[in-house]
file start-v6.csv (CSV, C-alpha atoms)
chain,number,residue,atom,x,y,z
A,53,MET,CA,17.0,84.1,37.0
A,54,VAL,CA,16.7,82.2,33.8
A,55,ARG,CA,19.8,82.3,31.6
A,56,LYS,CA,19.5,83.0,27.9
A,57,GLN,CA,19.9,79.8,25.8
A,58,THR,CA,20.0,79.3,22.1
A,59,VAL,CA,17.2,77.6,20.2
A,60,ALA,CA,19.6,74.7,19.5
A,61,ALA,CA,20.3,74.2,23.2
A,62,ASP,CA,16.5,74.4,23.9
A,63,LEU,CA,15.8,71.8,21.3
A,64,VAL,CA,18.3,69.4,22.9
A,65,THR,CA,17.1,69.9,26.5
A,66,GLY,CA,13.6,69.9,25.3
A,67,ALA,CA,14.1,66.5,23.5
A,68,VAL,CA,15.4,65.1,26.8
A,69,ALA,CA,12.4,66.6,28.7
A,70,GLY,CA,10.1,65.2,26.0
A,71,ALA,CA,11.5,61.7,26.4
A,72,VAL,CA,11.1,61.8,30.2
A,73,ALA,CA,7.6,63.3,29.9
A,74,THR,CA,6.6,60.6,27.3
A,75,TRP,CA,7.7,57.9,29.7
A,76,VAL,CA,5.9,59.4,32.7
A,77,MET,CA,2.7,60.1,30.6
A,78,GLY,CA,2.8,56.4,29.5
A,79,LYS,CA,2.8,55.2,33.0
A,80,ALA,CA,-0.1,57.5,34.0
A,81,THR,CA,-2.3,56.7,31.0
A,82,THR,CA,-1.6,53.0,31.3
A,83,TYR,CA,-2.7,53.1,34.9
A,84,LEU,CA,-5.8,55.1,34.1
A,85,TYR,CA,-6.7,52.8,31.2
A,86,GLN,CA,-6.3,49.7,33.3
A,87,ASN,CA,-8.5,51.1,36.0
A,88,GLU,CA,-11.4,52.2,33.7
A,89,SER,CA,-14.5,50.1,33.5
A,90,LYS,CA,-14.4,47.2,31.2
A,91,ALA,CA,-17.3,48.8,29.3
A,92,ALA,CA,-15.4,52.0,28.6
A,93,ARG,CA,-12.3,50.0,27.5
A,94,ASP,CA,-14.3,47.8,25.2
A,95,SER,CA,-16.1,50.8,23.7
A,96,GLU,CA,-12.8,52.6,23.0
A,97,ASP,CA,-11.2,49.5,21.6
A,98,SER,CA,-14.2,48.9,19.4
A,99,ALA,CA,-14.1,52.5,18.1
A,100,ARG,CA,-10.4,52.1,17.3
A,101,GLU,CA,-10.9,48.7,15.8
A,102,GLY,CA,-8.2,47.5,18.2
A,103,LYS,CA,-5.6,49.8,16.7
A,104,THR,CA,-3.8,52.8,18.1
A,105,ALA,CA,-3.4,56.1,16.2
A,106,TYR,CA,0.3,55.4,16.1
A,107,GLY,CA,-0.3,51.9,14.6
A,108,VAL,CA,-2.5,53.4,11.9
A,109,ALA,CA,0.1,56.0,11.2
A,110,ALA,CA,2.8,53.3,10.8
A,111,GLU,CA,0.5,51.3,8.5
A,112,LYS,CA,-0.3,54.4,6.3
A,113,ALA,CA,3.4,55.3,6.1
A,114,ALA,CA,4.3,51.7,5.0
A,115,HIS,CA,1.4,51.7,2.5
A,116,THR,CA,2.7,55.0,1.0
A,117,LEU,CA,6.0,53.3,0.5
A,118,GLY,CA,4.3,50.2,-1.0
A,119,ALA,CA,5.0,47.9,1.9
A,120,ASP,CA,2.9,45.9,4.3
A,121,LEU,CA,3.8,45.5,8.0
A,122,SER,CA,3.8,42.5,10.1
A,123,GLU,CA,2.2,42.8,13.5
A,124,GLU,CA,5.6,43.0,15.1
A,125,GLN,CA,6.8,45.7,12.7
A,126,ARG,CA,3.6,47.7,13.2
A,127,GLN,CA,4.1,47.7,17.0
A,128,LYS,CA,7.8,48.6,16.6
A,129,TYR,CA,7.1,51.5,14.2
A,130,SER,CA,4.1,52.6,16.3
A,131,SER,CA,6.3,52.9,19.3
A,132,ALA,CA,8.9,54.8,17.4
A,133,ILE,CA,6.3,57.3,16.1
A,134,HIS,CA,4.9,57.7,19.7
A,135,TRP,CA,8.4,58.4,21.1
A,136,ALA,CA,9.3,60.7,18.2
A,137,LEU,CA,6.1,62.8,18.7
A,138,GLY,CA,6.8,63.0,22.5
A,139,ILE,CA,10.4,64.0,22.0
A,140,GLY,CA,9.5,66.5,19.3
A,141,ALA,CA,6.7,68.0,21.6
A,142,GLY,CA,9.2,68.4,24.4
A,143,ALA,CA,11.6,70.2,22.1
A,144,LEU,CA,8.9,72.5,20.9
A,145,TYR,CA,7.8,73.2,24.4
A,146,ALA,CA,11.3,74.1,25.5
A,147,VAL,CA,11.7,76.6,22.7
A,148,LEU,CA,8.2,78.1,23.3
A,149,ARG,CA,8.4,78.4,27.1
A,150,ARG,CA,11.5,80.5,26.9
A,151,ARG,CA,10.2,82.8,24.1
A,152,LEU,CA,6.5,83.0,24.9
A,153,GLN,CA,5.6,83.6,28.5
A,154,SER,CA,2.2,82.1,28.0
A,155,ALA,CA,3.7,78.8,26.8
A,156,ALA,CA,4.9,78.0,30.3
A,157,LEU,CA,1.6,79.2,31.9
A,158,GLY,CA,0.6,76.7,34.5
A,159,ARG,CA,4.0,75.0,34.6
A,160,GLY,CA,3.3,73.0,31.5
A,161,LEU,CA,-0.4,72.5,31.9
A,162,LEU,CA,-1.4,74.9,29.2
A,163,PHE,CA,1.0,73.3,26.7
A,164,GLY,CA,-0.3,69.8,27.7
A,165,ALA,CA,-3.9,70.8,27.3
A,166,ALA,CA,-3.3,72.6,24.0
A,167,PHE,CA,-1.4,69.5,22.7
A,168,TRP,CA,-4.2,67.2,23.7
A,169,LEU,CA,-6.8,69.4,22.0
A,170,LEU,CA,-4.9,70.0,18.8
A,171,ILE,CA,-3.4,66.5,18.3
A,172,ASP,CA,-5.7,64.0,20.0
A,173,GLU,CA,-9.0,65.7,19.5
A,174,VAL,CA,-8.5,67.5,16.1
A,175,ALA,CA,-5.5,66.4,14.1
A,176,THR,CA,-5.6,62.6,14.5
A,177,PRO,CA,-9.3,62.3,13.3
A,178,VAL,CA,-8.7,64.9,10.5
A,179,ILE,CA,-5.8,62.9,9.1
A,180,GLY,CA,-7.7,59.6,9.5
A,181,LEU,CA,-5.7,58.1,12.3
A,182,THR,CA,-8.7,57.7,14.6
A,183,PRO,CA,-12.4,58.1,14.1
A,184,GLY,CA,-14.0,61.3,15.3
A,185,PRO,CA,-14.1,62.2,19.0
A,186,ARG,CA,-17.8,61.6,19.3
A,187,VAL,CA,-17.4,57.8,18.9
A,188,PHE,CA,-15.2,57.5,22.0
A,189,PRO,CA,-16.5,57.3,25.6
A,190,TRP,CA,-15.8,60.3,27.9
A,191,GLN,CA,-13.2,58.2,29.7
A,192,THR,CA,-11.0,58.2,26.6
A,193,HIS,CA,-11.0,62.0,26.4
A,194,ALA,CA,-10.5,62.4,30.1
A,195,ARG,CA,-7.5,60.0,30.1
A,196,GLY,CA,-6.0,61.7,27.1
A,197,LEU,CA,-6.3,65.1,28.7
A,198,ALA,CA,-4.9,63.8,32.0
A,199,GLY,CA,-2.0,62.2,30.2
A,200,HIS,CA,-1.2,65.4,28.3
A,201,LEU,CA,-1.4,67.4,31.5
A,202,VAL,CA,1.1,65.0,33.1
A,203,PHE,CA,3.3,65.3,30.0
A,204,GLY,CA,3.3,69.1,30.2
A,205,THR,CA,4.2,69.2,33.9
A,206,ALA,CA,6.8,66.4,33.6
A,207,ALA,CA,8.4,68.3,30.7
A,208,GLU,CA,8.4,71.5,32.7
A,209,GLY,CA,9.8,69.8,35.8
A,210,THR,CA,12.6,68.1,33.7
A,211,LEU,CA,13.5,71.4,32.1
A,212,GLU,CA,13.7,73.1,35.5
A,213,ALA,CA,15.9,70.3,36.8
A,214,LEU,CA,18.2,70.5,33.8
A,215,GLU,CA,18.5,74.3,34.1
A,216,ALA,CA,19.3,73.9,37.8
A,217,MET,CA,22.1,71.5,37.0
A,218,ALA,CA,23.6,73.9,34.3
call {"tool": "encode", "arguments": {"input": "start-v6.csv", "output": "structure tokens"}}
result
Amino acid sequence: MVRKQTVAADLVTGAVAGAVATWVMGKATTYLYQNESKAARDSEDSAREGKTAYGVAAEKAAHTLGADLSEEQRQKYSSAIHWALGIGAGALYAVLRRRLQSAALGRGLLFGAAFWLLIDEVATPVIGLTPGPRVFPWQTHARGLAGHLVFGTAAEGTLEALEAMA
């Protein structure tokens, strides 16, 4: 039986789950990227002009504030944005899974797939962090989907473990 928990408590446990899931997802997507064909990696890197969506976001934020970033700063802020998004997604998932039964469907897989579709495939190109999805090879999309499925299941597993310890 799942105990009732406040939204604030779900946000905290979800943030922890999001951090764990972000780390696990990073390991999975790095492995997949490193094991793709050189042609697929080169095609993706060319489409992104060597920059990640998080790096572009950091540059845009700095530009809005009237600042320029060094390469070291861009990487630092890029990483911070990546982790903040993952932690925030975990917090959102924790709140949704307890209040919407469909949110936990597939033990986090539905959330992971929805997050990939909405963020990677729609939002990042719409707000100009990446070019549109059609310029990337299929391997980029497959790796992104796989990574977000890993994220969803890792977040669910972490939340279950935290609940079992409570």
call {"tool": "atom_distance", "arguments": {"input": "start-v6.csv", "atom1": "atom CA of Val174 of chain A", "atom2": "atom CA of Asn87 of chain A"}}
result
25.8 Å
call {"tool": "closest_atom_pairs", "arguments": {"input": "start-v6.csv", "of": "segment 57-112 of chain A", "to": "segment 130-137 of chain A", "cutoff": "12 Å", "atoms": "only C-alpha atoms", "output": "tab-separated table"}}
result
residue	atom	partner	partner_atom	distance
A:Ala67	CA	A:Ala136	CA	9.2
A:Val68	CA	A:Trp135	CA	11.2
A:Ala69	CA	A:Trp135	CA	11.9
A:Gly70	CA	A:Trp135	CA	8.6
A:Ala71	CA	A:Trp135	CA	7.0
A:Val72	CA	A:Trp135	CA	10.1
A:Ala73	CA	A:Trp135	CA	10.1
A:Thr74	CA	A:Trp135	CA	6.8
A:Trp75	CA	A:Trp135	CA	8.6
A:Val76	CA	A:Trp135	CA	11.9
A:Met77	CA	A:Trp135	CA	11.2
A:Gly78	CA	A:His134	CA	10.1
A:Lys103	CA	A:Ser130	CA	10.1
A:Thr104	CA	A:Ser130	CA	8.1
A:Ala105	CA	A:Ser130	CA	8.3
A:Tyr106	CA	A:Ser130	CA	4.7
A:Gly107	CA	A:Ser130	CA	4.8
A:Val108	CA	A:Ser130	CA	8.0
A:Ala109	CA	A:Ser130	CA	7.3
A:Ala110	CA	A:Ser130	CA	5.7
A:Glu111	CA	A:Ser130	CA	8.7
A:Lys112	CA	A:Ser130	CA	11.1
call {"tool": "residues_around", "arguments": {"input": "start-v6.csv", "residues": "segment 94-100 of chain A", "least_positions_apart": "3", "cutoff": "7 Å", "atoms": "only C-alpha atoms", "output": "NGL selection string"}}
result
:A and (90-91 or 103-104 or 182 or 187-189 or 192)
call {"tool": "write_last_selection", "arguments": {"input": "start-v6.csv", "atoms": "C-alpha atoms", "output": "PDB file, in the frame of the given file"}}
result
ATOM      1  CA  LYS A  90     -14.400  47.200  31.200  1.00  0.00           C
ATOM      2  CA  ALA A  91     -17.300  48.800  29.300  1.00  0.00           C
ATOM      3  CA  LYS A 103      -5.600  49.800  16.700  1.00  0.00           C
ATOM      4  CA  THR A 104      -3.800  52.800  18.100  1.00  0.00           C
ATOM      5  CA  THR A 182      -8.700  57.700  14.600  1.00  0.00           C
ATOM      6  CA  VAL A 187     -17.400  57.800  18.900  1.00  0.00           C
ATOM      7  CA  PHE A 188     -15.200  57.500  22.000  1.00  0.00           C
ATOM      8  CA  PRO A 189     -16.500  57.300  25.600  1.00  0.00           C
ATOM      9  CA  THR A 192     -11.000  58.200  26.600  1.00  0.00           C
TER      10      THR A 192
END
call {"tool": "residues_around", "arguments": {"input": "start-v6.csv", "residues": "Ala114 of chain A", "least_positions_apart": "6", "cutoff": "10 Å", "atoms": "all atoms listed in the file", "output": "list in words"}}
result
Val108, Asp120, Leu121, Arg126 and Tyr129 of chain A
call {"tool": "atom_distance", "arguments": {"input": "start-v6.csv", "atom1": "atom CA of Ala146 of chain A", "atom2": "atom CA of Ala216 of chain A"}}
result
14.7 Å
call {"tool": "residues_around", "arguments": {"input": "start-v6.csv", "residues": "Gly66 of chain A", "least_positions_apart": "3", "cutoff": "12 Å", "atoms": "all atoms listed in the file", "output": "ChimeraX atom specification"}}
result
/A:57-63,69-74,138-150,204,206-215
call {"tool": "atom_distance", "arguments": {"input": "start-v6.csv", "atom1": "atom CA of Ala166 of chain A", "atom2": "atom CA of Leu197 of chain A"}}
result
9.3 Å
call {"tool": "build_atoms", "arguments": {"input": "start-v6.csv", "residues": "segment 199-215 of chain A", "atoms": "N, CA, C and O atoms", "output": "PDB file, in the frame of the given file"}}
result
ATOM      1  N   GLY A 199      -3.366  62.599  30.653  1.00  0.00           N
ATOM      2  CA  GLY A 199      -2.000  62.200  30.200  1.00  0.00           C
ATOM      3  C   GLY A 199      -1.224  63.360  29.664  1.00  0.00           C
ATOM      4  O   GLY A 199      -0.042  63.503  29.958  1.00  0.00           O
ATOM      5  N   HIS A 200      -1.872  64.219  28.894  1.00  0.00           N
ATOM      6  CA  HIS A 200      -1.200  65.400  28.300  1.00  0.00           C
ATOM      7  C   HIS A 200      -0.850  66.425  29.391  1.00  0.00           C
ATOM      8  O   HIS A 200       0.165  67.125  29.288  1.00  0.00           O
ATOM      9  N   LEU A 201      -1.691  66.536  30.402  1.00  0.00           N
ATOM     10  CA  LEU A 201      -1.400  67.400  31.500  1.00  0.00           C
ATOM     11  C   LEU A 201      -0.149  66.902  32.272  1.00  0.00           C
ATOM     12  O   LEU A 201       0.738  67.666  32.665  1.00  0.00           O
ATOM     13  N   VAL A 202      -0.098  65.587  32.457  1.00  0.00           N
ATOM     14  CA  VAL A 202       1.100  65.000  33.100  1.00  0.00           C
ATOM     15  C   VAL A 202       2.299  65.208  32.201  1.00  0.00           C
ATOM     16  O   VAL A 202       3.371  65.546  32.711  1.00  0.00           O
ATOM     17  N   PHE A 203       2.150  65.053  30.886  1.00  0.00           N
ATOM     18  CA  PHE A 203       3.300  65.300  30.000  1.00  0.00           C
ATOM     19  C   PHE A 203       3.797  66.719  30.155  1.00  0.00           C
ATOM     20  O   PHE A 203       5.000  66.923  30.299  1.00  0.00           O
ATOM     21  N   GLY A 204       2.909  67.706  30.129  1.00  0.00           N
ATOM     22  CA  GLY A 204       3.300  69.100  30.200  1.00  0.00           C
ATOM     23  C   GLY A 204       4.055  69.393  31.544  1.00  0.00           C
ATOM     24  O   GLY A 204       5.109  70.045  31.547  1.00  0.00           O
ATOM     25  N   THR A 205       3.520  68.882  32.651  1.00  0.00           N
ATOM     26  CA  THR A 205       4.200  69.200  33.900  1.00  0.00           C
ATOM     27  C   THR A 205       5.476  68.375  34.074  1.00  0.00           C
ATOM     28  O   THR A 205       6.435  68.880  34.657  1.00  0.00           O
ATOM     29  N   ALA A 206       5.530  67.169  33.526  1.00  0.00           N
ATOM     30  CA  ALA A 206       6.800  66.400  33.600  1.00  0.00           C
ATOM     31  C   ALA A 206       7.848  67.063  32.703  1.00  0.00           C
ATOM     32  O   ALA A 206       9.028  67.114  33.085  1.00  0.00           O
ATOM     33  N   ALA A 207       7.448  67.579  31.554  1.00  0.00           N
ATOM     34  CA  ALA A 207       8.400  68.300  30.700  1.00  0.00           C
ATOM     35  C   ALA A 207       8.924  69.534  31.401  1.00  0.00           C
ATOM     36  O   ALA A 207      10.127  69.794  31.411  1.00  0.00           O
ATOM     37  N   GLU A 208       8.026  70.296  32.002  1.00  0.00           N
ATOM     38  CA  GLU A 208       8.400  71.500  32.700  1.00  0.00           C
ATOM     39  C   GLU A 208       9.367  71.162  33.878  1.00  0.00           C
ATOM     40  O   GLU A 208      10.410  71.787  34.061  1.00  0.00           O
ATOM     41  N   GLY A 209       9.012  70.155  34.654  1.00  0.00           N
ATOM     42  CA  GLY A 209       9.800  69.800  35.800  1.00  0.00           C
ATOM     43  C   GLY A 209      11.234  69.287  35.333  1.00  0.00           C
ATOM     44  O   GLY A 209      12.245  69.610  35.973  1.00  0.00           O
ATOM     45  N   THR A 210      11.280  68.541  34.248  1.00  0.00           N
ATOM     46  CA  THR A 210      12.600  68.100  33.700  1.00  0.00           C
ATOM     47  C   THR A 210      13.409  69.249  33.244  1.00  0.00           C
ATOM     48  O   THR A 210      14.610  69.315  33.531  1.00  0.00           O
ATOM     49  N   LEU A 211      12.782  70.193  32.530  1.00  0.00           N
ATOM     50  CA  LEU A 211      13.500  71.400  32.100  1.00  0.00           C
ATOM     51  C   LEU A 211      14.053  72.189  33.236  1.00  0.00           C
ATOM     52  O   LEU A 211      15.194  72.663  33.198  1.00  0.00           O
ATOM     53  N   GLU A 212      13.244  72.354  34.269  1.00  0.00           N
ATOM     54  CA  GLU A 212      13.700  73.100  35.500  1.00  0.00           C
ATOM     55  C   GLU A 212      14.885  72.380  36.101  1.00  0.00           C
ATOM     56  O   GLU A 212      15.846  73.023  36.536  1.00  0.00           O
ATOM     57  N   ALA A 213      14.816  71.056  36.186  1.00  0.00           N
ATOM     58  CA  ALA A 213      15.900  70.300  36.800  1.00  0.00           C
ATOM     59  C   ALA A 213      17.190  70.424  35.948  1.00  0.00           C
ATOM     60  O   ALA A 213      18.279  70.590  36.498  1.00  0.00           O
ATOM     61  N   LEU A 214      17.051  70.350  34.647  1.00  0.00           N
ATOM     62  CA  LEU A 214      18.200  70.500  33.800  1.00  0.00           C
ATOM     63  C   LEU A 214      18.812  71.893  33.876  1.00  0.00           C
ATOM     64  O   LEU A 214      20.038  72.049  33.883  1.00  0.00           O
ATOM     65  N   GLU A 215      17.976  72.900  33.987  1.00  0.00           N
ATOM     66  CA  GLU A 215      18.500  74.300  34.100  1.00  0.00           C
ATOM     67  C   GLU A 215      19.172  74.448  35.472  1.00  0.00           C
ATOM     68  O   GLU A 215      20.189  75.155  35.558  1.00  0.00           O
TER      69      GLU A 215
END
